[in-house]
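J.: Structure below; questions to follow.
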Amino acid sequence: MRMTRIIVAGCLAAAFAVPAAAQELTGTLKKIKDTGTITIGYRESSVPFSYLDDNQKPVGFAMDICAAIVAAVKGNLKLDKLEVKYNPVTSATRIPLIANGTVDLECGSTTNNVERQKQVSFTNTHFLTASRFVSKKASNIKSIADLAGKTVVSTSGTTNIRQVTEVNAAKGLNINILPAKDHAEAFLMVETDRAVAFVMDDILLASLVAGSKDPKAYVISDDAFSLPEPYGIMLRREDAPFKAVADGATAALYKSPEIVTLYAKWFQSPIPPKNLNLDVPLGAPLKKAFANPTDSGDPAAY
């Protein structure tokens with residue numbers, strides 16, 4: 001029933017976009033119309049945004065949002081059928097795969113910032129997060145300063161690894177920073193004591209801790225490496241017609257009561273495959289972003 005309402009919201013959102021059939025198609029919409037397919041990029045371990053369940057099926061909050069966009073595209077193009085293909089992406093490959101046309105929508109936990117907007121576009125913000133670190137309580141690491149001279153891991157190709165690198169240099173902390181291929185590998189390095197801390201978006205750290213063998217053994221820092229930062233669904237740059245459909249679909253969903261239900265489904269309820277509950281309330285800044293949809297990559301806008 002929830003997914004049905006999401007799809008209905010997506011179909012209604014098509015009305016807010018410029019009707020594709022009324023003009024000559026270009027870019028991604030033409031590609032989708034010609035092939036009858038749309039390709040979704042998903043993450044394998046970005047709980048609860050985009051990850052594989054116990055049936056190896058991509059699921060998550062961002063995946064449900066993308067379902068609304070797909071429904072809007074289908075309605076906009078007046079297609080009887082639209083095949084959805086799924087392509088796994090990592091932090092390192094997600095931008096190149098969007099830019100070269102392999103993936104049409106990247107549905108995950110990607111930070112929208114001004115630098116990335118030079119390479120890709122984003123639709124309206126679907127989450128706000130800050131960059132922090134997780135460590136074992138036994139390590140007794142309380143602050144960023146406590147990381148001095150220690151080994152820290154972050155995921156390759158993320159804003160987080162850049163942020164910890166910049167702070168390390170600015171404060172002369174002499175941190176040994178290791179790159180990991182994905183979030184799961186990075187957390188495993190802390191779990192097995194190959195690194196004392198993992199720097200990542202706080203919500204992703206919360207999901208990894210909740211899914212660990214001993215959640216009580218870990219603590220997420222109060223210290224942050226960043227202001228709250230927006231997540232957005234990625235799409236190709238300079239493709240205004242396709243972006244208009246995505247923006248219309250997400251704005252309609254975020255302004256509807258359904259977004260509260262959808263948020264509760266993934267952040268305040270047991271989720272597959274282990275029925276973990278992240279228990280993360282919908283905060284005031286994100287409520288404001290939903291009420292006034294924006295694709296701004298400026299943290300100060302939130």
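Following the order of the structure tokens, first chain is A, next is B, and so on, with residues numbered from 1 inside each chain and ligands from 1 in the order they appear.
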Determine which residues of range 47-279 of chain A DSSP labels as alpha helix (DSSP H) from the backbone of this structure, then write them out as a PyMOL selection string.
T.: chain A and resi 61-76+94-99+159-171+183-191+202-210+240-255+258-267
J.: With the cut-off set at 8 Å and counting only C-alpha atoms, tabulate each residue of range 57-154 of chain A with an atom at most that distance from an atom of range 158-181 of chain A, showing the nearest atom pair and its distance in Å to one decimal, ordered by chain and increasing number, as CSV.
T.:
```
residue,atom,partner,partner_atom,distance
A:Thr90,CA,A:Lys181,CA,7.5
A:Ser91,CA,A:Thr158,CA,6.0
A:Ala92,CA,A:Thr158,CA,7.6
A:Thr111,CA,A:Thr159,CA,7.4
A:Ser131,CA,A:Asn160,CA,6.3
A:Ala145,CA,A:Leu173,CA,7.2
A:Leu147,CA,A:Ile175,CA,6.6
A:Ala148,CA,A:Leu173,CA,4.5
A:Gly149,CA,A:Ile175,CA,4.8
A:Lys150,CA,A:Ile175,CA,5.3
A:Thr151,CA,A:Asn176,CA,4.5
A:Val152,CA,A:Ile177,CA,5.0
A:Val153,CA,A:Leu178,CA,4.6
A:Ser154,CA,A:Ile161,CA,5.3
```
J.: Write the selection just made, keeping C-alpha atoms, as a PDB file, in the first residue's frame?
T.:
```
ATOM      1  CA  THR A  90      30.422   2.601  -5.234  1.00  0.00           C
ATOM      2  CA  SER A  91      31.572   5.949  -3.894  1.00  0.00           C
ATOM      3  CA  ALA A  92      34.334   5.916  -6.521  1.00  0.00           C
ATOM      4  CA  THR A 111      26.209  14.409  -0.638  1.00  0.00           C
ATOM      5  CA  SER A 131      30.372  13.892   9.079  1.00  0.00           C
ATOM      6  CA  ALA A 145      41.876  15.777  18.738  1.00  0.00           C
ATOM      7  CA  LEU A 147      42.614  10.849  16.786  1.00  0.00           C
ATOM      8  CA  ALA A 148      46.094  12.416  16.630  1.00  0.00           C
ATOM      9  CA  GLY A 149      48.753   9.930  15.554  1.00  0.00           C
ATOM     10  CA  LYS A 150      46.226   7.121  15.089  1.00  0.00           C
ATOM     11  CA  THR A 151      44.959   5.145  12.082  1.00  0.00           C
ATOM     12  CA  VAL A 152      41.568   6.223  10.770  1.00  0.00           C
ATOM     13  CA  VAL A 153      39.583   4.860   7.832  1.00  0.00           C
ATOM     14  CA  SER A 154      37.059   6.490   5.499  1.00  0.00           C
TER      15      SER A 154
END
```
J.: So what do you get for CA of Arg236 in chain A versus CA of Gly60 in chain A, distance-wise?
T.: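 Interatomic distance here is 21.9 Å.
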J.: Distance CA of Ala300 in chain A-CA of Leu208 in chain A, one decimal place?
T.: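 Separating CA of Ala300 in chain A from CA of Leu208 in chain A is a distance of 27.7 Å.
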J.: Taking only C-alpha atoms into account, name the residue in A:Asp201, A:Asp53, A:Glu258, A:Asp247 that is nearest to Cys66 in chain A.
T.: A:Asp247
J.: Per residue of range 54-148 of chain A within 12 Å of range 285-290 of chain A, what are the shortest atom pair and its distance in Å to one decimal, counting only C-alpha atoms, with rows by chain and residue number, as a tab-separated table?
T.:
```
residue	atom	partner	partner_atom	distance
A:Asn124	CA	A:Ala289	CA	8.6
A:Thr125	CA	A:Ala289	CA	7.0
A:His126	CA	A:Phe290	CA	7.5
A:Phe127	CA	A:Leu286	CA	6.4
A:Leu128	CA	A:Leu286	CA	6.4
A:Thr129	CA	A:Leu286	CA	9.6
```
J.: For CA of Leu276 in chain A and CA of Asp222 in chain A, quote the distance in Å rounded to one decimal.
T.: 22.8 Å
J.: Considering only C-alpha atoms, can you say which of A:Asp104, A:Glu229, A:Asp214, A:Asp239 comes closest to Tyr302 in chain A?
T.: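 Using only C-alpha atoms, Tyr302 in chain A sits closest to A:Glu229.
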J.: Let me make sure I understand: among A:Val120, A:Val70, A:Cys107, A:Val134, which one has the smallest atom-to-atom distance to Gly297 in chain A if we use only C-alpha atoms?
T.: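 Of all the options, A:Val120 lies closest to Gly297 in chain A.
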J.: Would you mind telling me which residue in A:Thr37, A:Ser45, A:Asn140, A:Ser156 lies nearest to Val73 in chain A when using only C-alpha atoms?
T.: A:Thr37
J.: Neighbours of Leu205 in chain A within 10 Å (only C-alpha atoms; same-chain residues fewer than 4 positions away dropped), as number ranges by chain?
T.: A: 46-47, 131-135, 183, 187, 198-201, 209-211, 218-220
J.: My list of candidates is A:Phe122, A:Phe267, A:Tyr51, A:Phe225. Which is closest to Ala244 in chain A when distances are computed with only C-alpha atoms?
T.: A:Phe122
J.: Would you kindly return, as a VMD selection string, each protein, DNA or RNA residue with an atom no farther than 12 Å from any atom of range 26-30 of chain A, considering only C-alpha atoms and excluding same-chain residues fewer than 6 positions away?
T.: chain A and resid 18 to 20 36 to 39 70 72 to 79 82 98 to 105 235 to 246
J.: Please save C-alpha atoms of the selected residues as a PDB file, in the first residue's frame.
T.:
```
ATOM      1  CA  VAL A  18       6.949  19.923 -19.016  1.00  0.00           C
ATOM      2  CA  PRO A  19       5.053  17.256 -21.023  1.00  0.00           C
ATOM      3  CA  ALA A  20       7.750  15.337 -22.850  1.00  0.00           C
ATOM      4  CA  GLY A  36      12.061   1.377 -22.926  1.00  0.00           C
ATOM      5  CA  THR A  37      14.424   1.102 -19.959  1.00  0.00           C
ATOM      6  CA  ILE A  38      15.732   3.251 -17.114  1.00  0.00           C
ATOM      7  CA  THR A  39      18.862   2.320 -15.160  1.00  0.00           C
ATOM      8  CA  VAL A  70      10.460   6.234 -12.317  1.00  0.00           C
ATOM      9  CA  ALA A  72       6.709  10.032 -13.075  1.00  0.00           C
ATOM     10  CA  VAL A  73       9.014   9.328 -16.054  1.00  0.00           C
ATOM     11  CA  LYS A  74       6.727   6.539 -17.231  1.00  0.00           C
ATOM     12  CA  GLY A  75       3.688   8.810 -17.022  1.00  0.00           C
ATOM     13  CA  ASN A  76       5.491  11.749 -18.613  1.00  0.00           C
ATOM     14  CA  LEU A  77       6.560   9.656 -21.602  1.00  0.00           C
ATOM     15  CA  LYS A  78       3.161   7.925 -21.792  1.00  0.00           C
ATOM     16  CA  LEU A  79       4.801   4.495 -21.746  1.00  0.00           C
ATOM     17  CA  LEU A  82       9.107   0.845 -18.476  1.00  0.00           C
ATOM     18  CA  ILE A  98      26.160   8.963 -14.146  1.00  0.00           C
ATOM     19  CA  ALA A  99      28.354  11.188 -16.326  1.00  0.00           C
ATOM     20  CA  ASN A 100      28.964   8.559 -19.027  1.00  0.00           C
ATOM     21  CA  GLY A 101      25.308   7.531 -19.289  1.00  0.00           C
ATOM     22  CA  THR A 102      25.585   4.038 -17.813  1.00  0.00           C
ATOM     23  CA  VAL A 103      23.285   4.985 -14.918  1.00  0.00           C
ATOM     24  CA  ASP A 104      20.315   7.372 -15.207  1.00  0.00           C
ATOM     25  CA  LEU A 105      19.582   7.910 -11.496  1.00  0.00           C
ATOM     26  CA  LEU A 235      21.404  12.638 -12.456  1.00  0.00           C
ATOM     27  CA  ARG A 236      23.315  13.961 -15.441  1.00  0.00           C
ATOM     28  CA  ARG A 237      24.192  17.642 -15.779  1.00  0.00           C
ATOM     29  CA  GLU A 238      22.595  19.953 -18.332  1.00  0.00           C
ATOM     30  CA  ASP A 239      19.603  17.680 -18.882  1.00  0.00           C
ATOM     31  CA  ALA A 240      16.827  20.103 -17.905  1.00  0.00           C
ATOM     32  CA  PRO A 241      13.826  18.074 -19.172  1.00  0.00           C
ATOM     33  CA  PHE A 242      14.790  14.968 -17.204  1.00  0.00           C
ATOM     34  CA  LYS A 243      15.645  17.012 -14.117  1.00  0.00           C
ATOM     35  CA  ALA A 244      12.257  18.738 -14.350  1.00  0.00           C
ATOM     36  CA  VAL A 245      10.513  15.360 -14.127  1.00  0.00           C
ATOM     37  CA  ALA A 246      12.696  14.252 -11.191  1.00  0.00           C
TER      38      ALA A 246
END
```
J.: Enumerate the residues of range 27-75 of chain A with a DSSP assignment of strand (DSSP E), computed from the backbone, and present them as a VMD selection string.
T.: chain A and resid 37 to 42 45 to 46 50 to 52 58 to 59
J.: If we count only C-alpha atoms and set the cut-off at 9 Å, which residues sit around Asp54 in chain A, ignoring sequence neighbours fewer than 2 positions away in its own chain? Please answer as a PyMOL selection string.
T.: chain A and resi 52+56-57+272-274
J.: Put those residues in a file: N, CA and C atoms, as a JSON list (two decimals), in the first residue's frame.
T.:
```
[["chain", "number", "residue", "atom", "x", "y", "z"],
["A", 52, "LEU", "N", 21.40, -3.97, -0.19],
["A", 52, "LEU", "CA", 20.85, -5.26, -0.59],
["A", 52, "LEU", "C", 20.19, -5.96, 0.60],
["A", 56, "GLN", "N", 19.16, -10.26, -1.93],
["A", 56, "GLN", "CA", 20.06, -9.52, -2.83],
["A", 56, "GLN", "C", 19.31, -8.55, -3.74],
["A", 57, "LYS", "N", 18.21, -8.03, -3.20],
["A", 57, "LYS", "CA", 17.41, -7.03, -3.92],
["A", 57, "LYS", "C", 17.72, -5.65, -3.36],
["A", 272, "PRO", "N", 14.51, -4.63, 6.92],
["A", 272, "PRO", "CA", 15.20, -5.86, 6.52],
["A", 272, "PRO", "C", 16.69, -5.60, 6.35],
["A", 273, "PRO", "N", 17.52, -6.66, 6.40],
["A", 273, "PRO", "CA", 17.12, -8.06, 6.59],
["A", 273, "PRO", "C", 17.12, -8.50, 8.06],
["A", 274, "LYS", "N", 17.59, -7.66, 8.97],
["A", 274, "LYS", "CA", 17.74, -8.09, 10.37],
["A", 274, "LYS", "C", 16.70, -7.47, 11.31]]
```
